[in-house]
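Just protein.csv here, CSV, C-alpha atoms and all ligand atoms:
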```csv
chain,number,residue,atom,x,y,z
A,180,MET,CA,-30.6,-2.5,-40.3
A,181,SER,CA,-33.9,-0.9,-39.3
A,182,LEU,CA,-32.8,2.3,-41.0
A,183,THR,CA,-32.3,0.5,-44.3
A,184,ARG,CA,-35.7,-1.2,-44.0
A,185,ARG,CA,-37.4,2.1,-43.4
A,186,LEU,CA,-35.7,3.6,-46.4
A,187,VAL,CA,-36.7,0.7,-48.7
A,188,LEU,CA,-40.3,0.8,-47.6
A,189,GLY,CA,-40.7,4.6,-47.5
A,190,GLY,CA,-41.5,7.4,-49.9
A,191,GLY,CA,-42.5,8.3,-53.5
A,192,ALA,CA,-41.3,6.8,-56.7
A,193,VAL,CA,-37.9,8.7,-57.0
A,194,THR,CA,-36.8,8.2,-53.4
A,195,ALA,CA,-38.0,4.7,-53.4
A,196,LEU,CA,-35.9,4.0,-56.4
A,197,GLY,CA,-32.8,5.6,-54.9
A,198,ALA,CA,-33.3,4.1,-51.5
A,199,GLY,CA,-34.2,0.7,-53.1
A,200,THR,CA,-30.9,0.7,-54.9
A,201,LEU,CA,-29.1,1.6,-51.8
A,202,GLY,CA,-30.9,-1.0,-49.8
A,203,LEU,CA,-30.2,-3.7,-52.4
A,204,GLY,CA,-26.6,-2.7,-52.5
A,205,TRP,CA,-26.3,-3.0,-48.8
A,206,TRP,CA,-28.3,-6.3,-48.8
A,207,ARG,CA,-25.9,-7.9,-51.3
A,208,VAL,CA,-22.6,-6.4,-50.2
A,209,ASP,CA,-22.8,-6.3,-46.5
A,210,GLY,CA,-26.2,-7.6,-45.4
A,211,PRO,CA,-27.6,-11.0,-44.9
A,212,GLY,CA,-28.0,-11.5,-48.7
A,213,ALA,CA,-24.3,-11.2,-49.3
A,214,ALA,CA,-22.7,-14.3,-50.7
A,215,ARG,CA,-20.1,-15.0,-48.0
A,216,PRO,CA,-16.9,-15.2,-49.8
A,217,SER,CA,-15.5,-18.6,-48.8
A,218,SER,CA,-11.9,-18.0,-47.6
A,219,ALA,CA,-11.2,-21.7,-48.3
A,220,THR,CA,-10.4,-20.9,-51.9
A,221,ASP,CA,-8.8,-17.5,-51.5
A,222,PRO,CA,-5.1,-17.8,-50.9
A,223,ALA,CA,-4.9,-14.3,-49.3
A,224,LEU,CA,-7.5,-15.1,-46.6
A,225,PRO,CA,-7.3,-17.3,-43.5
A,226,LEU,CA,-8.8,-20.8,-44.0
A,227,PRO,CA,-12.1,-21.4,-42.2
A,228,LEU,CA,-11.3,-22.7,-38.8
A,229,GLY,CA,-13.0,-26.0,-39.5
A,230,ASP,CA,-10.5,-26.6,-42.4
A,231,MET,CA,-7.5,-26.1,-40.2
A,232,THR,CA,-5.8,-29.3,-39.2
A,233,VAL,CA,-3.4,-27.9,-36.6
A,234,THR,CA,-3.4,-28.6,-32.9
A,235,LEU,CA,-1.7,-26.2,-30.4
A,236,THR,CA,-1.0,-26.1,-26.7
A,237,ASP,CA,-2.7,-23.5,-24.6
A,238,HIS,CA,-1.1,-21.6,-21.7
A,239,GLN,CA,-2.4,-24.1,-19.3
A,240,GLY,CA,-0.8,-27.0,-21.2
A,241,ARG,CA,-4.0,-28.3,-22.8
A,242,ARG,CA,-3.9,-29.5,-26.4
A,243,VAL,CA,-6.5,-27.7,-28.5
A,244,ALA,CA,-7.2,-28.0,-32.2
A,245,ALA,CA,-8.1,-24.9,-34.2
A,246,ALA,CA,-11.1,-26.8,-35.4
A,247,ASP,CA,-12.3,-27.1,-31.7
A,248,TRP,CA,-12.9,-23.3,-31.8
A,249,VAL,CA,-15.8,-23.8,-34.2
A,250,GLY,CA,-19.1,-23.4,-32.4
A,251,ARG,CA,-18.2,-20.0,-30.9
A,252,PRO,CA,-17.0,-16.8,-32.7
A,253,THR,CA,-13.2,-16.5,-32.6
A,254,VAL,CA,-10.9,-13.6,-32.2
A,255,ALA,CA,-7.3,-14.7,-33.1
A,256,PHE,CA,-4.0,-12.8,-33.4
A,257,PHE,CA,-0.3,-13.5,-33.5
A,258,GLY,CA,2.4,-11.9,-31.3
A,259,PHE,CA,5.3,-12.7,-29.1
A,260,THR,CA,5.9,-11.9,-25.4
A,261,TRP,CA,9.5,-10.9,-25.8
A,262,CYS,CA,8.4,-7.7,-27.5
A,263,PRO,CA,7.6,-4.9,-25.1
A,264,GLU,CA,5.8,-2.9,-27.7
A,265,VAL,CA,3.4,-4.4,-30.2
A,266,CYS,CA,2.4,-7.2,-28.0
A,267,PRO,CA,1.4,-5.4,-24.8
A,268,THR,CA,-0.3,-2.7,-27.0
A,269,THR,CA,-2.4,-5.3,-28.8
A,270,LEU,CA,-3.2,-7.2,-25.6
A,271,SER,CA,-4.2,-3.9,-23.9
A,272,ASP,CA,-6.4,-3.0,-26.8
A,273,ILE,CA,-8.1,-6.3,-26.9
A,274,SER,CA,-8.6,-6.3,-23.1
A,275,VAL,CA,-10.2,-2.9,-23.4
A,276,TRP,CA,-12.5,-4.2,-26.3
A,277,LEU,CA,-13.5,-7.2,-24.2
A,278,GLU,CA,-14.2,-5.1,-21.2
A,279,GLU,CA,-16.3,-2.8,-23.4
A,280,LEU,CA,-18.3,-5.8,-24.7
A,281,GLY,CA,-18.7,-7.1,-21.2
A,282,ALA,CA,-20.6,-10.4,-20.7
A,283,GLU,CA,-21.3,-10.4,-24.5
A,284,ALA,CA,-17.7,-11.4,-25.1
A,285,ASP,CA,-18.0,-14.4,-22.8
A,286,SER,CA,-19.0,-16.6,-25.7
A,287,LEU,CA,-15.8,-15.7,-27.7
A,288,ASN,CA,-12.7,-17.7,-28.2
A,289,VAL,CA,-9.9,-15.2,-27.9
A,290,ALA,CA,-6.7,-16.8,-29.1
A,291,PHE,CA,-3.3,-15.2,-28.7
A,292,ILE,CA,-1.0,-17.4,-30.9
A,293,THR,CA,2.7,-17.0,-30.4
A,294,ALA,CA,4.9,-16.2,-33.4
A,295,ASP,CA,7.9,-17.2,-31.2
A,296,PRO,CA,7.4,-20.8,-30.0
A,297,GLU,CA,11.0,-21.1,-28.9
A,298,ARG,CA,10.8,-18.5,-26.2
A,299,ASP,CA,7.0,-18.6,-25.6
A,300,THR,CA,6.5,-21.8,-23.6
A,301,PRO,CA,3.0,-22.3,-22.0
A,302,LYS,CA,4.5,-21.1,-18.8
A,303,ALA,CA,5.9,-17.9,-20.4
A,304,LEU,CA,2.5,-17.2,-21.9
A,305,ALA,CA,0.6,-17.8,-18.7
A,306,GLU,CA,2.9,-15.4,-16.8
A,307,TYR,CA,2.6,-12.8,-19.5
A,308,LEU,CA,-1.2,-12.9,-19.9
A,309,THR,CA,-1.9,-12.5,-16.1
A,310,PRO,CA,-2.4,-8.7,-16.2
A,311,PHE,CA,-4.7,-8.9,-19.2
A,312,ASP,CA,-8.3,-9.9,-19.7
A,313,PRO,CA,-8.7,-13.5,-18.4
A,314,ARG,CA,-10.7,-14.4,-21.5
A,315,ILE,CA,-7.5,-14.2,-23.6
A,316,VAL,CA,-6.0,-17.7,-24.1
A,317,GLY,CA,-2.4,-18.0,-25.1
A,318,TYR,CA,-1.3,-20.7,-27.6
A,319,THR,CA,2.0,-22.2,-28.5
A,320,GLY,CA,3.4,-25.3,-30.1
A,321,THR,CA,6.4,-26.8,-31.8
A,322,PRO,CA,8.0,-24.6,-34.4
A,323,GLU,CA,6.4,-26.9,-37.0
A,324,GLU,CA,2.9,-26.5,-35.4
A,325,ILE,CA,3.3,-22.7,-35.3
A,326,ALA,CA,4.5,-22.7,-38.9
A,327,GLU,CA,1.5,-24.7,-40.0
A,328,THR,CA,-0.9,-22.4,-38.0
A,329,ALA,CA,0.7,-19.4,-39.6
A,330,ALA,CA,0.2,-20.9,-43.1
A,331,ALA,CA,-3.5,-21.7,-42.4
A,332,PHE,CA,-4.0,-18.1,-41.3
A,333,ARG,CA,-1.9,-16.8,-44.2
A,334,VAL,CA,0.2,-15.1,-41.6
A,335,ARG,CA,3.9,-14.2,-42.2
A,336,ILE,CA,6.4,-14.9,-39.4
A,337,GLU,CA,10.0,-14.0,-39.8
A,338,LYS,CA,12.8,-14.2,-37.2
A,339,ARG,CA,15.3,-11.4,-37.4
A,340,PRO,CA,18.5,-11.0,-35.3
A,341,VAL,CA,18.9,-7.9,-33.1
A,342,ASN,CA,22.0,-7.4,-31.1
A,343,GLN,CA,24.1,-10.4,-30.0
A,344,GLY,CA,22.1,-13.6,-29.8
A,345,ASP,CA,18.7,-11.9,-29.4
A,346,TYR,CA,16.1,-11.9,-32.1
A,347,THR,CA,12.9,-10.2,-32.9
A,348,VAL,CA,10.0,-11.7,-34.9
A,349,ASP,CA,8.3,-9.8,-37.7
A,350,HIS,CA,4.7,-11.0,-37.9
A,351,THR,CA,1.3,-10.1,-39.4
A,352,ALA,CA,-0.2,-7.8,-36.8
A,353,GLY,CA,-3.9,-7.9,-37.6
A,354,VAL,CA,-6.6,-9.4,-35.5
A,355,PHE,CA,-8.6,-12.1,-37.3
A,356,LEU,CA,-12.3,-12.5,-36.6
A,357,PHE,CA,-14.2,-15.8,-37.4
A,358,ARG,CA,-17.9,-16.5,-37.1
A,359,ALA,CA,-19.3,-19.2,-34.8
A,360,ASP,CA,-19.5,-21.6,-37.8
A,361,GLY,CA,-15.7,-21.1,-38.3
A,362,SER,CA,-15.9,-19.1,-41.5
A,363,PHE,CA,-13.6,-16.1,-41.7
A,364,GLY,CA,-15.3,-12.8,-41.0
A,365,THR,CA,-12.8,-9.9,-41.2
A,366,ILE,CA,-9.6,-8.4,-40.0
A,367,ILE,CA,-9.0,-5.6,-37.5
A,368,ASP,CA,-5.9,-3.9,-38.6
A,369,TYR,CA,-3.1,-2.9,-36.1
A,370,HIS,CA,-3.8,0.6,-35.0
A,371,GLU,CA,-7.5,0.4,-35.9
A,372,ASP,CA,-9.5,2.6,-33.6
A,373,ARG,CA,-11.6,0.9,-30.9
A,374,THR,CA,-14.7,2.7,-32.2
A,375,PHE,CA,-14.4,0.5,-35.3
A,376,ALA,CA,-13.0,-2.6,-33.6
A,377,VAL,CA,-15.8,-3.2,-31.1
A,378,PRO,CA,-18.6,-3.1,-33.7
A,379,LYS,CA,-16.7,-5.5,-35.9
A,380,ILE,CA,-16.5,-8.0,-33.0
A,381,ARG,CA,-20.2,-7.4,-32.2
A,382,ARG,CA,-21.0,-8.3,-35.8
A,383,ILE,CA,-19.3,-11.7,-35.7
A,384,LEU,CA,-21.0,-12.3,-32.3
A,385,ASN,CA,-24.3,-11.7,-33.9
A,386,GLN,CA,-23.7,-13.8,-37.0
A,387,ALA,CA,-24.6,-17.4,-36.8
B,145,MET,CA,27.7,0.5,-29.0
B,146,LYS,CA,26.9,4.1,-29.6
B,147,LEU,CA,23.7,4.3,-27.7
B,148,SER,CA,25.1,3.1,-24.4
B,149,ILE,CA,28.3,5.0,-24.1
B,150,SER,CA,27.6,6.3,-20.7
B,151,ALA,CA,25.9,3.4,-19.1
B,152,LEU,CA,27.9,3.8,-15.9
B,153,LEU,CA,27.7,7.5,-15.7
B,154,ALA,CA,23.9,7.3,-15.2
B,155,PHE,CA,24.4,5.7,-11.8
B,156,THR,CA,26.0,8.8,-10.5
B,157,LEU,CA,23.4,11.1,-12.0
B,158,CYS,CA,20.4,9.4,-10.4
B,159,ALA,CA,18.5,12.3,-8.8
B,160,GLY,CA,15.5,10.2,-7.7
B,161,VAL,CA,13.0,13.0,-8.3
B,162,VAL,CA,9.9,12.4,-10.3
B,163,GLN,CA,9.2,15.4,-12.4
B,164,ALA,CA,5.8,16.3,-13.7
B,165,ASP,CA,7.0,19.3,-15.7
B,166,PRO,CA,9.0,19.2,-18.8
B,167,ILE,CA,12.8,19.2,-18.3
B,168,ARG,CA,14.6,21.9,-20.2
B,169,GLN,CA,18.1,21.3,-21.6
B,170,GLY,CA,19.4,23.9,-24.0
B,171,ASN,CA,16.8,24.4,-26.6
B,172,LEU,CA,15.2,21.0,-25.9
B,173,GLU,CA,12.3,20.1,-23.6
B,174,VAL,CA,11.8,16.5,-22.5
B,175,ASP,CA,8.4,15.5,-21.4
B,176,GLY,CA,5.8,12.7,-21.0
B,177,ALA,CA,8.3,9.9,-20.1
B,178,TRP,CA,6.9,6.5,-19.0
B,179,ALA,CA,7.8,2.9,-19.1
B,180,ARG,CA,5.7,-0.3,-19.0
B,181,ALA,CA,6.1,-2.6,-16.1
B,182,SER,CA,8.0,-5.7,-17.1
B,183,ILE,CA,7.4,-9.3,-16.1
B,184,GLY,CA,10.7,-10.3,-14.6
B,185,ALA,CA,13.9,-9.2,-16.3
B,186,SER,CA,14.3,-11.8,-19.0
B,187,ARG,CA,12.4,-9.8,-21.6
B,188,PRO,CA,13.3,-6.2,-22.7
B,189,GLY,CA,11.4,-3.3,-21.2
B,190,GLY,CA,9.6,-0.6,-23.2
B,191,ALA,CA,9.7,3.2,-22.5
B,192,TYR,CA,8.5,6.3,-24.2
B,193,PHE,CA,9.1,10.1,-24.0
B,194,THR,CA,8.8,13.2,-26.1
B,195,VAL,CA,11.6,15.7,-27.0
B,196,ARG,CA,10.5,19.1,-28.3
B,197,ASN,CA,13.0,21.4,-30.0
B,198,LEU,CA,12.2,25.0,-29.2
B,199,GLY,CA,15.3,26.3,-31.1
B,200,ASN,CA,16.1,27.2,-34.6
B,201,GLU,CA,18.4,24.4,-35.4
B,202,ALA,CA,17.9,20.7,-35.6
B,203,ASP,CA,19.5,18.5,-32.9
B,204,ARG,CA,20.0,14.8,-32.7
B,205,LEU,CA,19.6,12.1,-30.0
B,206,ILE,CA,23.0,10.4,-30.1
B,207,GLY,CA,23.1,8.4,-26.9
B,208,LEU,CA,21.0,6.8,-24.2
B,209,SER,CA,21.9,5.2,-20.9
B,210,SER,CA,20.1,3.9,-17.9
B,211,PRO,CA,21.2,1.7,-14.9
B,212,VAL,CA,18.2,-0.5,-15.6
B,213,SER,CA,19.4,-1.7,-19.0
B,214,ALA,CA,22.7,-2.8,-20.3
B,215,MET,CA,21.7,-2.0,-23.8
B,216,PRO,CA,19.0,0.7,-24.4
B,217,MET,CA,18.1,0.9,-28.1
B,218,LEU,CA,15.7,3.1,-30.0
B,219,HIS,CA,13.3,1.0,-32.2
B,220,GLU,CA,10.6,1.9,-34.6
B,221,THR,CA,7.6,-0.3,-35.2
B,222,THR,CA,6.4,-0.2,-38.7
B,223,VAL,CA,3.5,-2.1,-40.3
B,224,SER,CA,4.0,-3.0,-44.0
B,225,GLU,CA,1.4,-2.9,-46.7
B,226,GLU,CA,0.7,-6.5,-46.1
B,227,GLY,CA,0.1,-5.9,-42.4
B,228,VAL,CA,3.4,-7.3,-41.2
B,229,SER,CA,4.8,-5.5,-38.2
B,230,ARG,CA,8.5,-5.2,-37.6
B,231,MET,CA,10.8,-3.4,-35.3
B,232,ALA,CA,13.8,-1.6,-36.8
B,233,HIS,CA,16.7,0.0,-34.9
B,234,VAL,CA,16.8,3.8,-35.2
B,235,GLU,CA,20.2,5.4,-35.1
B,236,ALA,CA,20.6,9.0,-33.9
B,237,PRO,CA,17.1,10.4,-34.8
B,238,GLU,CA,16.8,14.1,-35.6
B,239,ILE,CA,14.7,16.5,-33.5
B,240,PRO,CA,13.8,19.1,-36.2
B,241,ALA,CA,13.9,22.8,-35.3
B,242,GLY,CA,10.5,23.7,-33.9
B,243,GLY,CA,9.5,20.1,-34.1
B,244,ALA,CA,9.5,17.1,-31.9
B,245,LEU,CA,10.8,13.5,-31.5
B,246,VAL,CA,7.8,11.5,-30.2
B,247,LEU,CA,8.1,8.0,-28.8
B,248,GLU,CA,4.7,6.3,-28.4
B,249,PRO,CA,3.2,2.9,-28.6
B,250,GLY,CA,2.9,1.7,-32.2
B,251,GLY,CA,5.7,3.9,-33.3
B,252,MET,CA,9.1,4.8,-32.0
B,253,HIS,CA,10.0,3.3,-28.6
B,254,LEU,CA,12.9,2.8,-26.3
B,255,MET,CA,13.8,-0.9,-25.9
B,256,LEU,CA,15.5,-1.5,-22.7
B,257,MET,CA,17.5,-4.6,-23.6
B,258,GLU,CA,19.2,-6.7,-21.0
B,259,LEU,CA,17.3,-5.4,-18.0
B,260,THR,CA,19.3,-5.4,-14.8
B,261,GLY,CA,16.1,-6.1,-12.8
B,262,PRO,CA,12.3,-6.0,-13.3
B,263,LEU,CA,10.6,-2.7,-13.9
B,264,GLU,CA,8.0,-2.6,-11.2
B,265,GLU,CA,4.8,-0.6,-11.5
B,266,GLY,CA,4.9,2.5,-9.3
B,267,GLY,CA,8.7,2.8,-9.4
B,268,THR,CA,10.9,5.1,-11.4
B,269,PHE,CA,14.3,4.9,-12.9
B,270,PRO,CA,16.8,7.4,-14.3
B,271,LEU,CA,17.3,7.7,-18.0
B,272,THR,CA,20.0,9.8,-19.5
B,273,LEU,CA,19.6,11.3,-23.0
B,274,ILE,CA,22.6,12.6,-24.8
B,275,PHE,CA,22.0,15.1,-27.6
B,276,GLU,CA,24.5,16.2,-30.2
B,277,THR,CA,24.1,20.0,-29.5
B,278,ALA,CA,22.1,20.3,-26.3
B,279,GLY,CA,24.2,17.9,-24.3
B,280,GLU,CA,23.1,15.5,-21.7
B,281,VAL,CA,20.0,15.4,-19.5
B,282,THR,CA,18.8,12.8,-17.0
B,283,ILE,CA,15.1,12.3,-16.5
B,284,GLU,CA,13.2,10.1,-14.1
B,285,VAL,CA,10.9,7.7,-15.9
B,286,PRO,CA,7.8,6.5,-14.0
B,287,VAL,CA,6.9,2.8,-14.4
B,288,LEU,CA,3.2,2.3,-15.2
B,289,SER,CA,1.1,-0.7,-15.6
B,290,ILE,CA,1.9,-3.3,-18.3
B,291,ARG,CA,-1.5,-2.3,-19.7
B,292,ALA,CA,-0.7,1.4,-19.9
B,293,THR,CA,-0.9,2.9,-23.3
B,294,GLY,CA,0.3,6.5,-22.5
B,295,PRO,CA,1.8,8.7,-19.9
B,296,GLU,CA,-0.1,9.6,-16.7
B,297,GLU,CA,-1.8,13.0,-16.9
A,401,CU,CU,11.5,-2.8,-30.1
```
Kindly transcribe the structure held in the file into structure tokens.
Amino acid sequence: MSLTRRLVLGGGAVTALGAGTLGLGWWRVDGPGAARPSSATDPALPLPLGDMTVTLTDHQGRRVAAADWVGRPTVAFFGFTWCPEVCPTTLSDISVWLEELGAEADSLNVAFITADPERDTPKALAEYLTPFDPRIVGYTGTPEEIAETAAAFRVRIEKRPVNQGDYTVDHTAGVFLFRADGSFGTIIDYHEDRTFAVPKIRRILNQA
Amino acid sequence: MKLSISALLAFTLCAGVVQADPIRQGNLEVDGAWARASIGASRPGGAYFTVRNLGNEADRLIGLSSPVSAMPMLHETTVSEEGVSRMAHVEAPEIPAGGALVLEPGGMHLMLMELTGPLEEGGTFPLTLIFETAGEVTIEVPVLSIRATGPEE
């Protein structure tokens, strides 16, 4: 930010013009002057948290509405604990990000929402989350509540059988970031490097 | 099931030695094996390893067995254009001449289905890999933290 300000204020006519354009572009696209695209009307983006009507059960058995997350920035992602692969990888990544953010991350809601409500009871979630950062809260619900949550996040969840009786769950793997006012911020893609992920979380922490 | 043909055989091959160096079998070298600790035995375990082919001809991984799993399977995690992750079963993957078969988080992994007991951090278990040309080799797989994302150095 300070770099941009310096560029805008500095230099002769030509550089000022170039830098001014650059600065203005930044201001409108990414900076405080950007019109925040409301995700409420874009069917590809998660609804603002305040517009979500769903209530879930956390890993300690408490009922929490998605709208209750408004007031703090939120990091939310879907997964299922049966999977020994994507889920621990994502939880490990997020634990590392949170540790890197340190006390800064204390004001975040970090919501791990199961894509597999049948197997992921609150107890199963509590047991699974123990080795990870304690700021991560697991959420489950009835299959209907999870379906409604997935719809609000525009997340796809699909059960698929693997060998006799077992099933796996295909699900959207990104990590969703919401500002403290509940508006949708951005997505951290699966595999995205931590050097990009941590600054993205910092940004939503610093946006009112 | 093709990938568990010698599930019982592995019991007799258990050497109980943790290797740090690559294990050589024919033209193949197996290295960097590790598994994630499991929570109980009700969910599948996950494990990873690398097979390098030092020869001039491709080989294939045609079977897997371990006393810790009644049904070890190779899976590949893929993420679609729309960001949906899915696991798909991989049958008999090739190890290209001069190339490698790499199992790592976010990609190909060994799913240890139907665990016979929990995989406890700090322990090891034998895993037998059966190759089309190079034959059979048993490695010891160290069990790392559930938070581990790669093999120990
Ligand atoms: Cu798998």
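Using only C-alpha atoms and all ligand atoms, residues with at least one atom at most 7 Å away from any atom of ligand CU 401 (chain A) are Cys262, Pro263 and Glu264 of chain A; His219, Glu220, Thr221, Met231, His253, Leu254 and Met255 of chain B.
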Chain A residues near chain B (6 Å cut-off, only C-alpha atoms) as a PDB file with C-alpha atoms, in the frame of the given file:
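See part-v6.pdb below for the written result:
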```pdb
ATOM      1  CA  TRP A 261       9.500 -10.900 -25.800  1.00  0.00           C
ATOM      2  CA  PRO A 263       7.600  -4.900 -25.100  1.00  0.00           C
ATOM      3  CA  SER A 271      -4.200  -3.900 -23.900  1.00  0.00           C
ATOM      4  CA  ASP A 349       8.300  -9.800 -37.700  1.00  0.00           C
ATOM      5  CA  HIS A 350       4.700 -11.000 -37.900  1.00  0.00           C
ATOM      6  CA  THR A 351       1.300 -10.100 -39.400  1.00  0.00           C
ATOM      7  CA  ALA A 352      -0.200  -7.800 -36.800  1.00  0.00           C
TER       8      ALA A 352
END
```
Applying 9 Å and all atoms listed in the file, which residues near Ala244 (chain A) remain after dropping the ones on its own chain fewer than 2 positions away? List them as a compact mmCIF listing (two decimals) with C-alpha atoms, in the coordinates of the input.
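Contents of the output file out.txt:
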```txt
# COMPACT_ATOMS: atom_id res chain seq x y z
CA MET A 231 -7.50 -26.10 -40.20
CA THR A 232 -5.80 -29.30 -39.20
CA VAL A 233 -3.40 -27.90 -36.60
CA THR A 234 -3.40 -28.60 -32.90
CA LEU A 235 -1.70 -26.20 -30.40
CA THR A 236 -1.00 -26.10 -26.70
CA ARG A 242 -3.90 -29.50 -26.40
CA ALA A 246 -11.10 -26.80 -35.40
CA ASP A 247 -12.30 -27.10 -31.70
CA TRP A 248 -12.90 -23.30 -31.80
```
Exercise for the section: Pick out the closest residue to Phe375 (chain A) from this set: A:Gly240, A:Trp276, A:Gly250, A:Ala245. Count only C-alpha atoms. Expected result: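 Nearest to Phe375 (chain A): A:Trp276.
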Completion exercise
Here CA of Glu265 (chain B) and CA of Gly344 (chain A) stand apart by 28.3 Å
Problem - Shell around region 240-244 of chain B at 9 Å using all atoms listed in the file, local window under 6 positions removed, as JSON, numbers by chain - result: {"B": [194, 195, 196, 197, 198, 199, 200, 201, 202, 203, 204]}
Handout entry: Expected answer as JSON, numbers by chain: all residues with atoms within 12 Å of (-4.0, -26.0, -21.1), all atoms listed in the file
Key = {"A": [235, 236, 237, 238, 239, 240, 241, 242, 243, 244, 300, 301, 302, 304, 305, 316, 317, 318, 319, 320]}
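Considering all atoms listed in the file, the residue among A:Val348, A:Phe259, A:Gln343, A:Gly361 positioned nearest to Ala303 (chain A) is A:Phe259.
Straight-line separation from CA of Val249 (chain A) to CA of Asp360 (chain A): 5.6 Å.
In this model, the gap between CA of Ile292 (chain A) and CA of Val377 (chain A) comes to 20.5 Å.
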Handout entry: Within 7 Å of Ile367 (chain A) using all atoms listed in the file, minus same-chain residues under 3 positions, as an NGL selection string
Key = :A and (353-355 or 371 or 376)
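Of the residues under consideration (A:Ala290, A:Phe311, A:Ala282, A:Asn342), A:Asn342 shows the shortest atom-to-atom contact distance to Ala214 (chain B) when counting all atoms listed in the file.
Considering all atoms listed in the file, the residue among A:Val265, A:Val334, A:Ile380, A:Ile273 positioned nearest to Ser286 (chain A) is A:Ile380.
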Exercise for the section: Pick out the closest residue to Pro313 (chain A) from this set: A:Gln386, A:Asn288, A:Thr293, A:Thr328. Count all atoms listed in the file. Expected result: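 That would be A:Asn288, the residue with the smallest distance to Pro313 (chain A).
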Fill in the blank from the handout: Shortest contact to Phe363 (chain A), candidates A:Pro296, A:Pro267, A:Thr321, A:Arg333, atoms counted all atoms listed in the file, goes to A:Arg333
Handout entry: Residue contacts of Pro295 (chain B) (7 Å, all atoms listed in the file) excluding same-chain residues fewer than 5 positions away, as a PyMOL selection string
Key = chain B and resi 176-178
Using C-alpha atoms, can you export the residues from the last selection as a PDB file, in the coordinates of the input?
```
ATOM      1  CA  GLY B 176       5.800  12.700 -21.000  1.00  0.00           C
ATOM      2  CA  ALA B 177       8.300   9.900 -20.100  1.00  0.00           C
ATOM      3  CA  TRP B 178       6.900   6.500 -19.000  1.00  0.00           C
TER       4      TRP B 178
END
```
